[in-house]
file data.txt (compact mmCIF, N, CA and C atoms)
# COMPACT_ATOMS: atom_id res chain seq x y z
N MET A 1 14.00 32.29 5.41
CA MET A 1 14.91 31.90 4.36
C MET A 1 14.74 30.43 4.04
N GLU A 2 14.74 30.15 2.76
CA GLU A 2 14.56 28.77 2.32
C GLU A 2 15.90 28.18 1.92
N ILE A 3 16.17 27.00 2.44
CA ILE A 3 17.42 26.32 2.11
C ILE A 3 17.14 25.39 0.94
N PRO A 4 17.92 25.48 -0.15
CA PRO A 4 17.68 24.61 -1.30
C PRO A 4 17.92 23.15 -0.94
N PRO A 5 17.09 22.24 -1.48
CA PRO A 5 17.27 20.81 -1.17
C PRO A 5 18.55 20.28 -1.79
N LYS A 6 19.12 19.32 -1.10
CA LYS A 6 20.37 18.73 -1.58
C LYS A 6 20.12 17.32 -2.03
N SER A 7 20.89 16.89 -3.00
CA SER A 7 20.78 15.52 -3.49
C SER A 7 21.47 14.58 -2.50
N PRO A 8 21.28 13.27 -2.66
CA PRO A 8 21.89 12.31 -1.71
C PRO A 8 23.40 12.41 -1.61
N ASP A 9 24.08 12.84 -2.68
CA ASP A 9 25.53 12.92 -2.60
C ASP A 9 26.01 14.21 -1.96
N GLY A 10 25.09 15.12 -1.59
CA GLY A 10 25.47 16.33 -0.88
C GLY A 10 25.51 17.57 -1.75
N SER A 11 25.46 17.44 -3.07
CA SER A 11 25.50 18.61 -3.94
C SER A 11 24.10 19.20 -4.07
N GLU A 12 24.05 20.49 -4.41
CA GLU A 12 22.76 21.15 -4.55
C GLU A 12 22.16 20.83 -5.91
N LYS A 13 20.82 20.86 -5.99
CA LYS A 13 20.14 20.60 -7.25
C LYS A 13 20.13 21.85 -8.11
N SER A 14 20.20 21.66 -9.39
CA SER A 14 20.19 22.79 -10.31
C SER A 14 18.76 23.28 -10.50
N PRO A 15 18.55 24.52 -10.95
CA PRO A 15 17.20 25.04 -11.19
C PRO A 15 16.46 24.24 -12.26
N GLN A 16 17.20 23.68 -13.23
CA GLN A 16 16.54 22.89 -14.27
C GLN A 16 15.91 21.64 -13.68
N THR A 17 16.57 21.03 -12.73
CA THR A 17 16.03 19.85 -12.10
C THR A 17 14.77 20.19 -11.34
N LYS A 18 14.76 21.35 -10.66
CA LYS A 18 13.57 21.77 -9.93
C LYS A 18 12.40 21.96 -10.88
N GLU A 19 12.65 22.58 -12.05
CA GLU A 19 11.59 22.80 -13.02
C GLU A 19 11.04 21.48 -13.55
N LEU A 20 11.92 20.54 -13.81
CA LEU A 20 11.48 19.24 -14.31
C LEU A 20 10.61 18.53 -13.29
N LEU A 21 11.01 18.61 -12.03
CA LEU A 21 10.24 17.94 -10.99
C LEU A 21 8.86 18.55 -10.85
N THR A 22 8.76 19.88 -10.84
CA THR A 22 7.46 20.51 -10.66
C THR A 22 6.58 20.31 -11.89
N SER A 23 7.13 20.40 -13.09
CA SER A 23 6.30 20.23 -14.27
C SER A 23 5.82 18.79 -14.40
N ARG A 24 6.65 17.83 -14.03
CA ARG A 24 6.24 16.43 -14.13
C ARG A 24 5.10 16.15 -13.16
N THR A 25 5.20 16.66 -11.94
CA THR A 25 4.14 16.41 -10.97
C THR A 25 2.85 17.08 -11.39
N GLY A 26 2.93 18.27 -11.95
CA GLY A 26 1.73 18.96 -12.38
C GLY A 26 1.02 18.22 -13.49
N SER A 27 1.77 17.74 -14.47
CA SER A 27 1.13 17.03 -15.58
C SER A 27 0.59 15.68 -15.12
N THR A 28 1.28 15.03 -14.21
CA THR A 28 0.79 13.76 -13.70
C THR A 28 -0.50 13.96 -12.93
N LEU A 29 -0.57 15.03 -12.17
CA LEU A 29 -1.76 15.31 -11.39
C LEU A 29 -2.95 15.56 -12.30
N CYS A 30 -2.74 16.31 -13.37
CA CYS A 30 -3.84 16.62 -14.29
C CYS A 30 -4.33 15.38 -15.03
N THR A 31 -3.41 14.55 -15.47
CA THR A 31 -3.84 13.39 -16.25
C THR A 31 -4.47 12.33 -15.36
N SER A 32 -4.07 12.23 -14.12
CA SER A 32 -4.63 11.18 -13.28
C SER A 32 -5.87 11.64 -12.52
N SER A 33 -6.14 12.94 -12.46
CA SER A 33 -7.27 13.40 -11.67
C SER A 33 -8.59 13.20 -12.37
N ARG A 34 -8.61 13.24 -13.68
CA ARG A 34 -9.85 13.08 -14.44
C ARG A 34 -9.65 12.06 -15.54
N SER A 35 -10.69 11.32 -15.82
CA SER A 35 -10.60 10.39 -16.94
C SER A 35 -10.95 11.13 -18.22
N GLU A 36 -10.57 10.56 -19.35
CA GLU A 36 -10.80 11.22 -20.63
C GLU A 36 -12.29 11.33 -20.93
N SER A 37 -13.09 10.37 -20.46
CA SER A 37 -14.50 10.37 -20.79
C SER A 37 -15.24 11.53 -20.15
N VAL A 38 -14.69 12.13 -19.09
CA VAL A 38 -15.32 13.29 -18.48
C VAL A 38 -15.21 14.48 -19.42
N TRP A 39 -14.08 14.60 -20.10
CA TRP A 39 -13.86 15.75 -20.97
C TRP A 39 -14.51 15.58 -22.33
N THR A 40 -14.66 14.37 -22.79
CA THR A 40 -15.32 14.13 -24.07
C THR A 40 -16.75 13.71 -23.81
N ASP A 41 -17.62 13.97 -24.76
CA ASP A 41 -19.02 13.62 -24.60
C ASP A 41 -19.36 12.28 -25.22
N ALA A 42 -18.39 11.40 -25.32
CA ALA A 42 -18.62 10.08 -25.90
C ALA A 42 -19.50 9.27 -24.95
N PRO A 43 -20.48 8.55 -25.50
CA PRO A 43 -21.33 7.73 -24.64
C PRO A 43 -20.53 6.58 -24.02
N ARG A 44 -20.84 6.30 -22.76
CA ARG A 44 -20.13 5.24 -22.05
C ARG A 44 -21.07 4.08 -21.79
N SER A 45 -20.51 2.88 -21.76
CA SER A 45 -21.32 1.70 -21.48
C SER A 45 -21.61 1.62 -19.98
N LYS A 46 -22.56 0.75 -19.64
CA LYS A 46 -22.91 0.57 -18.22
C LYS A 46 -21.72 0.06 -17.42
N TRP A 47 -20.91 -0.82 -18.04
CA TRP A 47 -19.75 -1.37 -17.33
C TRP A 47 -18.75 -0.27 -17.02
N GLU A 48 -18.52 0.65 -17.96
CA GLU A 48 -17.58 1.75 -17.71
C GLU A 48 -18.07 2.65 -16.58
N ILE A 49 -19.37 2.76 -16.45
CA ILE A 49 -19.93 3.63 -15.41
C ILE A 49 -19.90 2.94 -14.05
N TYR A 50 -20.32 1.68 -14.01
CA TYR A 50 -20.52 1.00 -12.73
C TYR A 50 -19.44 -0.01 -12.36
N HIS A 51 -18.31 -0.07 -13.08
CA HIS A 51 -17.35 -1.14 -12.79
C HIS A 51 -16.69 -1.00 -11.42
N LYS A 52 -16.43 0.21 -10.97
CA LYS A 52 -15.77 0.36 -9.66
C LYS A 52 -16.67 -0.09 -8.51
N PRO A 53 -17.93 0.37 -8.43
CA PRO A 53 -18.76 -0.13 -7.32
C PRO A 53 -19.04 -1.62 -7.40
N VAL A 54 -19.15 -2.16 -8.61
CA VAL A 54 -19.38 -3.60 -8.74
C VAL A 54 -18.18 -4.38 -8.22
N ILE A 55 -16.98 -3.90 -8.50
CA ILE A 55 -15.77 -4.56 -8.00
C ILE A 55 -15.71 -4.46 -6.47
N VAL A 56 -16.05 -3.29 -5.93
CA VAL A 56 -16.03 -3.12 -4.47
C VAL A 56 -17.06 -4.04 -3.81
N VAL A 57 -18.25 -4.14 -4.39
CA VAL A 57 -19.27 -5.04 -3.84
C VAL A 57 -18.81 -6.49 -3.93
N SER A 58 -18.21 -6.88 -5.03
CA SER A 58 -17.74 -8.26 -5.19
C SER A 58 -16.65 -8.61 -4.18
N VAL A 59 -15.69 -7.71 -4.05
CA VAL A 59 -14.61 -7.96 -3.08
C VAL A 59 -15.16 -7.97 -1.66
N GLY A 60 -16.08 -7.05 -1.37
CA GLY A 60 -16.69 -7.01 -0.04
C GLY A 60 -17.45 -8.29 0.28
N ALA A 61 -18.20 -8.80 -0.69
CA ALA A 61 -18.94 -10.04 -0.47
C ALA A 61 -17.98 -11.21 -0.26
N ALA A 62 -16.89 -11.24 -1.03
CA ALA A 62 -15.92 -12.34 -0.88
C ALA A 62 -15.24 -12.29 0.49
N VAL A 63 -14.85 -11.10 0.91
CA VAL A 63 -14.19 -10.98 2.23
C VAL A 63 -15.18 -11.29 3.34
N PHE A 64 -16.44 -10.87 3.17
CA PHE A 64 -17.47 -11.17 4.16
C PHE A 64 -17.68 -12.68 4.29
N LEU A 65 -17.77 -13.38 3.15
CA LEU A 65 -17.93 -14.83 3.19
C LEU A 65 -16.71 -15.52 3.79
N PHE A 66 -15.53 -15.00 3.49
CA PHE A 66 -14.31 -15.53 4.09
C PHE A 66 -14.35 -15.35 5.61
N GLY A 67 -14.85 -14.21 6.06
CA GLY A 67 -14.99 -13.97 7.50
C GLY A 67 -15.96 -14.93 8.15
N ILE A 68 -17.04 -15.26 7.43
CA ILE A 68 -18.01 -16.24 7.96
C ILE A 68 -17.34 -17.60 8.11
N VAL A 69 -16.55 -17.99 7.11
CA VAL A 69 -15.86 -19.28 7.17
C VAL A 69 -14.87 -19.31 8.33
N ILE A 70 -14.08 -18.25 8.46
CA ILE A 70 -13.08 -18.20 9.54
C ILE A 70 -13.75 -18.20 10.91
N THR A 71 -14.85 -17.46 11.05
CA THR A 71 -15.56 -17.43 12.32
C THR A 71 -16.16 -18.79 12.65
N SER A 72 -16.71 -19.46 11.64
CA SER A 72 -17.27 -20.79 11.90
C SER A 72 -16.17 -21.80 12.23
N LEU A 73 -14.98 -21.60 11.68
CA LEU A 73 -13.87 -22.49 12.03
C LEU A 73 -13.48 -22.33 13.50
N SER A 74 -13.67 -21.14 14.04
CA SER A 74 -13.32 -20.94 15.46
C SER A 74 -14.26 -21.75 16.35
N CYS A 75 -15.47 -22.02 15.87
CA CYS A 75 -16.40 -22.84 16.65
C CYS A 75 -16.10 -24.33 16.49
N LEU A 76 -15.60 -24.72 15.32
CA LEU A 76 -15.40 -26.14 15.04
C LEU A 76 -14.01 -26.64 15.40
N GLN A 77 -13.00 -25.82 15.21
CA GLN A 77 -11.62 -26.23 15.44
C GLN A 77 -11.22 -25.96 16.89
N THR A 78 -10.42 -26.86 17.43
CA THR A 78 -9.87 -26.62 18.77
C THR A 78 -8.45 -26.10 18.66
N LYS A 79 -7.79 -26.40 17.55
CA LYS A 79 -6.42 -25.94 17.34
C LYS A 79 -6.48 -24.53 16.71
N ASN A 80 -5.64 -23.63 17.19
CA ASN A 80 -5.58 -22.23 16.72
C ASN A 80 -6.91 -21.50 16.88
N LYS A 81 -7.60 -21.76 17.94
CA LYS A 81 -8.92 -21.16 18.15
C LYS A 81 -8.82 -19.65 18.36
N LYS A 82 -7.76 -19.18 19.03
CA LYS A 82 -7.60 -17.74 19.28
C LYS A 82 -7.40 -16.97 17.98
N VAL A 83 -6.64 -17.55 17.06
CA VAL A 83 -6.37 -16.89 15.78
C VAL A 83 -7.67 -16.74 15.00
N TYR A 84 -8.47 -17.80 14.96
CA TYR A 84 -9.74 -17.74 14.24
C TYR A 84 -10.69 -16.74 14.88
N LYS A 85 -10.70 -16.70 16.21
CA LYS A 85 -11.60 -15.77 16.90
C LYS A 85 -11.19 -14.31 16.68
N LEU A 86 -9.90 -14.06 16.46
CA LEU A 86 -9.45 -12.70 16.20
C LEU A 86 -9.66 -12.31 14.73
N CYS A 87 -9.33 -13.20 13.83
CA CYS A 87 -9.37 -12.86 12.40
C CYS A 87 -10.78 -12.91 11.82
N GLY A 88 -11.61 -13.81 12.30
CA GLY A 88 -12.96 -13.96 11.75
C GLY A 88 -13.78 -12.68 11.79
N PRO A 89 -13.96 -12.09 12.98
CA PRO A 89 -14.73 -10.85 13.04
C PRO A 89 -14.08 -9.68 12.29
N ALA A 90 -12.77 -9.68 12.21
CA ALA A 90 -12.10 -8.62 11.46
C ALA A 90 -12.46 -8.72 9.98
N PHE A 91 -12.41 -9.93 9.41
CA PHE A 91 -12.80 -10.10 8.01
C PHE A 91 -14.29 -9.85 7.80
N LEU A 92 -15.10 -10.26 8.77
CA LEU A 92 -16.53 -9.99 8.68
C LEU A 92 -16.81 -8.49 8.59
N SER A 93 -16.20 -7.72 9.47
CA SER A 93 -16.47 -6.27 9.48
C SER A 93 -15.89 -5.58 8.25
N LEU A 94 -14.70 -5.98 7.83
CA LEU A 94 -14.11 -5.39 6.63
C LEU A 94 -14.94 -5.70 5.39
N GLY A 95 -15.38 -6.94 5.27
CA GLY A 95 -16.21 -7.32 4.13
C GLY A 95 -17.54 -6.61 4.12
N LEU A 96 -18.15 -6.49 5.29
CA LEU A 96 -19.43 -5.78 5.39
C LEU A 96 -19.27 -4.31 5.05
N MET A 97 -18.17 -3.72 5.49
CA MET A 97 -17.93 -2.31 5.19
C MET A 97 -17.77 -2.09 3.69
N LEU A 98 -17.00 -2.92 3.02
CA LEU A 98 -16.83 -2.80 1.57
C LEU A 98 -18.14 -3.05 0.84
N LEU A 99 -18.89 -4.02 1.29
CA LEU A 99 -20.17 -4.35 0.67
C LEU A 99 -21.14 -3.17 0.76
N VAL A 100 -21.25 -2.58 1.92
CA VAL A 100 -22.16 -1.45 2.11
C VAL A 100 -21.68 -0.23 1.32
N CYS A 101 -20.38 0.03 1.33
CA CYS A 101 -19.86 1.17 0.56
C CYS A 101 -20.16 1.03 -0.93
N GLY A 102 -19.97 -0.16 -1.46
CA GLY A 102 -20.28 -0.38 -2.87
C GLY A 102 -21.75 -0.24 -3.17
N LEU A 103 -22.60 -0.77 -2.27
CA LEU A 103 -24.04 -0.67 -2.48
C LEU A 103 -24.54 0.77 -2.37
N VAL A 104 -23.91 1.58 -1.56
CA VAL A 104 -24.30 2.99 -1.45
C VAL A 104 -23.76 3.79 -2.63
N TRP A 105 -22.64 3.37 -3.17
CA TRP A 105 -21.99 4.07 -4.28
C TRP A 105 -22.85 4.03 -5.55
N ILE A 106 -23.57 2.93 -5.77
CA ILE A 106 -24.35 2.78 -7.00
C ILE A 106 -25.45 3.83 -7.13
N PRO A 107 -26.29 4.09 -6.12
CA PRO A 107 -27.29 5.16 -6.27
C PRO A 107 -26.67 6.55 -6.43
N ILE A 108 -25.51 6.75 -5.83
CA ILE A 108 -24.84 8.05 -5.99
C ILE A 108 -24.44 8.26 -7.44
N ILE A 109 -23.92 7.21 -8.09
CA ILE A 109 -23.54 7.31 -9.50
C ILE A 109 -24.78 7.54 -10.35
N ARG A 110 -25.88 6.85 -10.05
CA ARG A 110 -27.12 7.05 -10.81
C ARG A 110 -27.59 8.50 -10.72
N LYS A 111 -27.53 9.05 -9.52
CA LYS A 111 -27.96 10.45 -9.33
C LYS A 111 -27.07 11.40 -10.12
N LYS A 112 -25.75 11.16 -10.11
CA LYS A 112 -24.83 11.99 -10.88
C LYS A 112 -25.12 11.91 -12.37
N GLN A 113 -25.44 10.70 -12.86
CA GLN A 113 -25.74 10.53 -14.28
C GLN A 113 -26.98 11.32 -14.67
N LYS A 114 -28.01 11.29 -13.82
CA LYS A 114 -29.22 12.06 -14.10
C LYS A 114 -28.93 13.55 -14.11
N GLN A 115 -28.11 14.02 -13.15
CA GLN A 115 -27.76 15.44 -13.12
C GLN A 115 -26.97 15.83 -14.35
N ARG A 116 -26.06 14.96 -14.80
CA ARG A 116 -25.26 15.25 -15.98
C ARG A 116 -26.14 15.33 -17.22
N GLN A 117 -27.15 14.43 -17.31
CA GLN A 117 -28.06 14.46 -18.46
C GLN A 117 -28.88 15.74 -18.45
N LYS A 118 -29.35 16.16 -17.27
CA LYS A 118 -30.11 17.41 -17.17
C LYS A 118 -29.24 18.59 -17.55
N SER A 119 -28.01 18.58 -17.10
CA SER A 119 -27.09 19.68 -17.41
C SER A 119 -26.83 19.76 -18.90
N GLN A 120 -26.61 18.63 -19.54
CA GLN A 120 -26.37 18.62 -20.99
C GLN A 120 -27.61 19.10 -21.74
N PHE A 121 -28.79 18.71 -21.26
CA PHE A 121 -30.03 19.14 -21.89
C PHE A 121 -30.21 20.65 -21.76
N LEU A 122 -29.96 21.18 -20.56
CA LEU A 122 -30.08 22.63 -20.35
C LEU A 122 -29.05 23.40 -21.17
N GLN A 123 -27.84 22.87 -21.31
CA GLN A 123 -26.83 23.53 -22.13
C GLN A 123 -27.25 23.57 -23.60
N SER A 124 -27.84 22.49 -24.07
CA SER A 124 -28.28 22.47 -25.48
C SER A 124 -29.44 23.44 -25.68
N LEU A 125 -30.35 23.52 -24.69
CA LEU A 125 -31.44 24.50 -24.79
C LEU A 125 -30.92 25.93 -24.79
N LYS A 126 -29.97 26.18 -23.91
CA LYS A 126 -29.40 27.52 -23.80
C LYS A 126 -28.70 27.91 -25.10
N SER A 127 -27.92 26.99 -25.65
CA SER A 127 -27.22 27.30 -26.89
C SER A 127 -28.20 27.47 -28.05
N PHE A 128 -29.32 26.73 -28.03
CA PHE A 128 -30.32 26.85 -29.09
C PHE A 128 -30.98 28.23 -29.07
N PHE A 129 -31.35 28.70 -27.88
CA PHE A 129 -32.05 29.97 -27.79
C PHE A 129 -31.13 31.19 -27.91
N PHE A 130 -29.92 31.08 -27.41
CA PHE A 130 -29.03 32.25 -27.42
C PHE A 130 -28.20 32.36 -28.70
N ASN A 131 -28.14 31.35 -29.51
CA ASN A 131 -27.35 31.39 -30.73
C ASN A 131 -28.21 31.62 -31.97
N ARG A 132 -29.31 32.29 -31.83
CA ARG A 132 -30.19 32.58 -32.98
C ARG A 132 -29.82 33.85 -33.62
call {"tool": "encode", "arguments": {"input": "data.txt", "output": "structure tokens"}}
result
Amino acid sequence: MEIPPKSPDGSEKSPQTKELLTSRTGSTLCTSSRSESVWTDAPRSKWEIYHKPVIVVSVGAAVFLFGIVITSLSCLQTKNKKVYKLCGPAFLSLGLMLLVCGLVWIPIIRKKQKQRQKSQFLQSLKSFFFNR
């Protein structure tokens, strides 16, 4: 048996409220799961295609350089040496992880673009031969 959820004041929710909640979540999920450019065949610029991995690589490089600075401060500074020794390697590893993830992401996107172009080409061939 399922017990209906109650609102904060203790009263039960009406069926209309339940419908609104489920329909809102469903539409939000659909609109946020795919971008419009996936559904339309509009050509996209290189920046639209590669902006996410470029941002990840940039942030990763910045955090990595910050980790290098913090780690080098642990060698030069005598005050707060423990803090620098703890934070430096953490920023180094986080920055390196982001940097590598972004660099690996770029060839994956290139491969997907080639597959999408092949798929569009095969679809046009199929429609050309079967629609005669």
call {"tool": "atom_distance", "arguments": {"input": "data.txt", "atom1": "atom N of A:Met97", "atom2": "atom N of A:Tyr50"}}
result
20.3 Å
call {"tool": "closest_residue", "arguments": {"input": "data.txt", "among": "A:Ala62, A:Val54, A:Leu103, A:Ile49", "to": "A:Phe91", "atoms": "only C-alpha atoms"}}
result
A:Ala62
call {"tool": "closest_residue", "arguments": {"input": "data.txt", "among": "A:Cys87, A:Asn131, A:Ser124, A:Ser58", "to": "A:Ser72", "atoms": "only C-alpha atoms"}}
result
A:Cys87
call {"tool": "closest_residue", "arguments": {"input": "data.txt", "among": "A:His51, A:Pro89, A:Lys112, A:Lys46", "to": "A:Phe64", "atoms": "only C-alpha atoms"}}
result
A:Pro89
call {"tool": "atom_distance", "arguments": {"input": "data.txt", "atom1": "atom CA of A:Val56", "atom2": "atom CA of A:Arg110"}}
result
16.3 Å
call {"tool": "atom_distance", "arguments": {"input": "data.txt", "atom1": "atom C of A:Gly60", "atom2": "atom C of A:Cys101"}}
result
9.8 Å
call {"tool": "axis_aligned_box", "arguments": {"input": "data.txt", "around": "stretch 102-108 of chain A", "padding_each_side": "5 Å", "output": "JSON"}}
result
{"center_x": -23.6, "center_y": 3.7, "center_z": -4.4, "size_x": 17.3, "size_y": 19.0, "size_z": 16.0}
call {"tool": "residues_around", "arguments": {"input": "data.txt", "residues": "A:Gly102", "least_positions_apart": "3", "cutoff": "6 Å", "atoms": "only C-alpha atoms", "output": "PDB file with N, CA and C atoms, in the frame of the given file"}}
result
ATOM      1  N   PRO A  53     -17.930   0.370  -8.430  1.00  0.00           N
ATOM      2  CA  PRO A  53     -18.760  -0.130  -7.320  1.00  0.00           C
ATOM      3  C   PRO A  53     -19.040  -1.620  -7.400  1.00  0.00           C
ATOM      4  N   VAL A  56     -16.050  -3.290  -5.930  1.00  0.00           N
ATOM      5  CA  VAL A  56     -16.030  -3.120  -4.470  1.00  0.00           C
ATOM      6  C   VAL A  56     -17.060  -4.040  -3.810  1.00  0.00           C
ATOM      7  N   VAL A  57     -18.250  -4.140  -4.390  1.00  0.00           N
ATOM      8  CA  VAL A  57     -19.270  -5.040  -3.840  1.00  0.00           C
ATOM      9  C   VAL A  57     -18.810  -6.490  -3.930  1.00  0.00           C
ATOM     10  N   LEU A  99     -18.890  -4.020   1.290  1.00  0.00           N
ATOM     11  CA  LEU A  99     -20.170  -4.350   0.670  1.00  0.00           C
ATOM     12  C   LEU A  99     -21.140  -3.170   0.760  1.00  0.00           C
ATOM     13  N   TRP A 105     -22.640   3.370  -3.170  1.00  0.00           N
ATOM     14  CA  TRP A 105     -21.990   4.070  -4.280  1.00  0.00           C
ATOM     15  C   TRP A 105     -22.850   4.030  -5.550  1.00  0.00           C
TER      16      TRP A 105
END
call {"tool": "residues_around", "arguments": {"input": "data.txt", "residues": "A:Leu86", "least_positions_apart": "4", "cutoff": "8 Å", "atoms": "only N, CA and C atoms", "output": "PyMOL selection string"}}
result
chain A and resi 70-71+74+81-82+90-91
call {"tool": "closest_residue", "arguments": {"input": "data.txt", "among": "A:Val63, A:Gln117, A:Leu122, A:Glu48", "to": "A:Ser93", "atoms": "all atoms listed in the file"}}
result
A:Val63
call {"tool": "build_atoms", "arguments": {"input": "data.txt", "residues": "stretch 42-50 of chain A", "atoms": "all heavy atoms", "output": "PDB file, in the frame of the given file"}}
result
ATOM      1  N   ALA A  42     -18.390  11.400 -25.320  1.00  0.00           N
ATOM      2  CA  ALA A  42     -18.620  10.080 -25.900  1.00  0.00           C
ATOM      3  C   ALA A  42     -19.500   9.270 -24.950  1.00  0.00           C
ATOM      4  O   ALA A  42     -19.308   9.298 -23.742  1.00  0.00           O
ATOM      5  CB  ALA A  42     -17.293   9.369 -26.116  1.00  0.00           C
ATOM      6  N   PRO A  43     -20.480   8.550 -25.500  1.00  0.00           N
ATOM      7  CA  PRO A  43     -21.330   7.730 -24.640  1.00  0.00           C
ATOM      8  C   PRO A  43     -20.530   6.580 -24.020  1.00  0.00           C
ATOM      9  O   PRO A  43     -19.669   5.996 -24.653  1.00  0.00           O
ATOM     10  CB  PRO A  43     -22.403   7.198 -25.593  1.00  0.00           C
ATOM     11  CG  PRO A  43     -21.823   7.320 -26.949  1.00  0.00           C
ATOM     12  CD  PRO A  43     -20.847   8.464 -26.903  1.00  0.00           C
ATOM     13  N   ARG A  44     -20.840   6.300 -22.760  1.00  0.00           N
ATOM     14  CA  ARG A  44     -20.130   5.240 -22.050  1.00  0.00           C
ATOM     15  C   ARG A  44     -21.070   4.080 -21.790  1.00  0.00           C
ATOM     16  O   ARG A  44     -22.258   4.263 -21.581  1.00  0.00           O
ATOM     17  CB  ARG A  44     -19.581   5.778 -20.725  1.00  0.00           C
ATOM     18  CG  ARG A  44     -18.619   6.922 -20.913  1.00  0.00           C
ATOM     19  CD  ARG A  44     -17.908   7.329 -19.673  1.00  0.00           C
ATOM     20  NE  ARG A  44     -18.761   7.474 -18.506  1.00  0.00           N
ATOM     21  CZ  ARG A  44     -18.301   7.699 -17.295  1.00  0.00           C
ATOM     22  NH1 ARG A  44     -17.016   7.811 -17.100  1.00  0.00           N
ATOM     23  NH2 ARG A  44     -19.116   7.823 -16.274  1.00  0.00           N
ATOM     24  N   SER A  45     -20.510   2.880 -21.760  1.00  0.00           N
ATOM     25  CA  SER A  45     -21.320   1.700 -21.480  1.00  0.00           C
ATOM     26  C   SER A  45     -21.610   1.620 -19.980  1.00  0.00           C
ATOM     27  O   SER A  45     -20.987   2.303 -19.167  1.00  0.00           O
ATOM     28  CB  SER A  45     -20.599   0.448 -21.956  1.00  0.00           C
ATOM     29  OG  SER A  45     -19.467   0.219 -21.145  1.00  0.00           O
ATOM     30  N   LYS A  46     -22.560   0.750 -19.640  1.00  0.00           N
ATOM     31  CA  LYS A  46     -22.910   0.570 -18.220  1.00  0.00           C
ATOM     32  C   LYS A  46     -21.720   0.060 -17.420  1.00  0.00           C
ATOM     33  O   LYS A  46     -21.522   0.440 -16.278  1.00  0.00           O
ATOM     34  CB  LYS A  46     -24.077  -0.419 -18.096  1.00  0.00           C
ATOM     35  CG  LYS A  46     -25.365   0.064 -18.692  1.00  0.00           C
ATOM     36  CD  LYS A  46     -26.059   0.984 -17.744  1.00  0.00           C
ATOM     37  CE  LYS A  46     -27.446   1.309 -18.296  1.00  0.00           C
ATOM     38  NZ  LYS A  46     -28.102   2.322 -17.521  1.00  0.00           N
ATOM     39  N   TRP A  47     -20.910  -0.820 -18.040  1.00  0.00           N
ATOM     40  CA  TRP A  47     -19.750  -1.370 -17.330  1.00  0.00           C
ATOM     41  C   TRP A  47     -18.750  -0.270 -17.020  1.00  0.00           C
ATOM     42  O   TRP A  47     -18.176  -0.242 -15.942  1.00  0.00           O
ATOM     43  CB  TRP A  47     -19.105  -2.481 -18.136  1.00  0.00           C
ATOM     44  CG  TRP A  47     -17.839  -2.981 -17.507  1.00  0.00           C
ATOM     45  CD1 TRP A  47     -16.578  -2.818 -17.975  1.00  0.00           C
ATOM     46  CD2 TRP A  47     -17.714  -3.686 -16.271  1.00  0.00           C
ATOM     47  NE1 TRP A  47     -15.671  -3.394 -17.116  1.00  0.00           N
ATOM     48  CE2 TRP A  47     -16.343  -3.933 -16.056  1.00  0.00           C
ATOM     49  CE3 TRP A  47     -18.626  -4.146 -15.322  1.00  0.00           C
ATOM     50  CZ2 TRP A  47     -15.873  -4.609 -14.945  1.00  0.00           C
ATOM     51  CZ3 TRP A  47     -18.151  -4.815 -14.211  1.00  0.00           C
ATOM     52  CH2 TRP A  47     -16.791  -5.045 -14.029  1.00  0.00           C
ATOM     53  N   GLU A  48     -18.520   0.650 -17.960  1.00  0.00           N
ATOM     54  CA  GLU A  48     -17.580   1.750 -17.710  1.00  0.00           C
ATOM     55  C   GLU A  48     -18.070   2.650 -16.580  1.00  0.00           C
ATOM     56  O   GLU A  48     -17.279   3.226 -15.847  1.00  0.00           O
ATOM     57  CB  GLU A  48     -17.394   2.581 -18.978  1.00  0.00           C
ATOM     58  CG  GLU A  48     -16.605   1.882 -20.053  1.00  0.00           C
ATOM     59  CD  GLU A  48     -16.509   2.707 -21.323  1.00  0.00           C
ATOM     60  OE1 GLU A  48     -17.193   3.739 -21.432  1.00  0.00           O
ATOM     61  OE2 GLU A  48     -15.755   2.299 -22.221  1.00  0.00           O
ATOM     62  N   ILE A  49     -19.370   2.760 -16.450  1.00  0.00           N
ATOM     63  CA  ILE A  49     -19.930   3.630 -15.410  1.00  0.00           C
ATOM     64  C   ILE A  49     -19.900   2.940 -14.050  1.00  0.00           C
ATOM     65  O   ILE A  49     -19.516   3.536 -13.045  1.00  0.00           O
ATOM     66  CB  ILE A  49     -21.374   4.036 -15.780  1.00  0.00           C
ATOM     67  CG1 ILE A  49     -21.363   4.886 -17.051  1.00  0.00           C
ATOM     68  CG2 ILE A  49     -22.045   4.789 -14.641  1.00  0.00           C
ATOM     69  CD1 ILE A  49     -22.728   5.138 -17.640  1.00  0.00           C
ATOM     70  N   TYR A  50     -20.320   1.680 -14.010  1.00  0.00           N
ATOM     71  CA  TYR A  50     -20.520   1.000 -12.730  1.00  0.00           C
ATOM     72  C   TYR A  50     -19.440  -0.010 -12.360  1.00  0.00           C
ATOM     73  O   TYR A  50     -19.597  -0.744 -11.388  1.00  0.00           O
ATOM     74  CB  TYR A  50     -21.870   0.262 -12.749  1.00  0.00           C
ATOM     75  CG  TYR A  50     -23.059   1.185 -12.814  1.00  0.00           C
ATOM     76  CD1 TYR A  50     -23.834   1.272 -13.958  1.00  0.00           C
ATOM     77  CD2 TYR A  50     -23.393   1.975 -11.732  1.00  0.00           C
ATOM     78  CE1 TYR A  50     -24.927   2.113 -14.017  1.00  0.00           C
ATOM     79  CE2 TYR A  50     -24.482   2.822 -11.779  1.00  0.00           C
ATOM     80  CZ  TYR A  50     -25.246   2.891 -12.923  1.00  0.00           C
ATOM     81  OH  TYR A  50     -26.309   3.726 -12.976  1.00  0.00           O
TER      82      TYR A  50
END
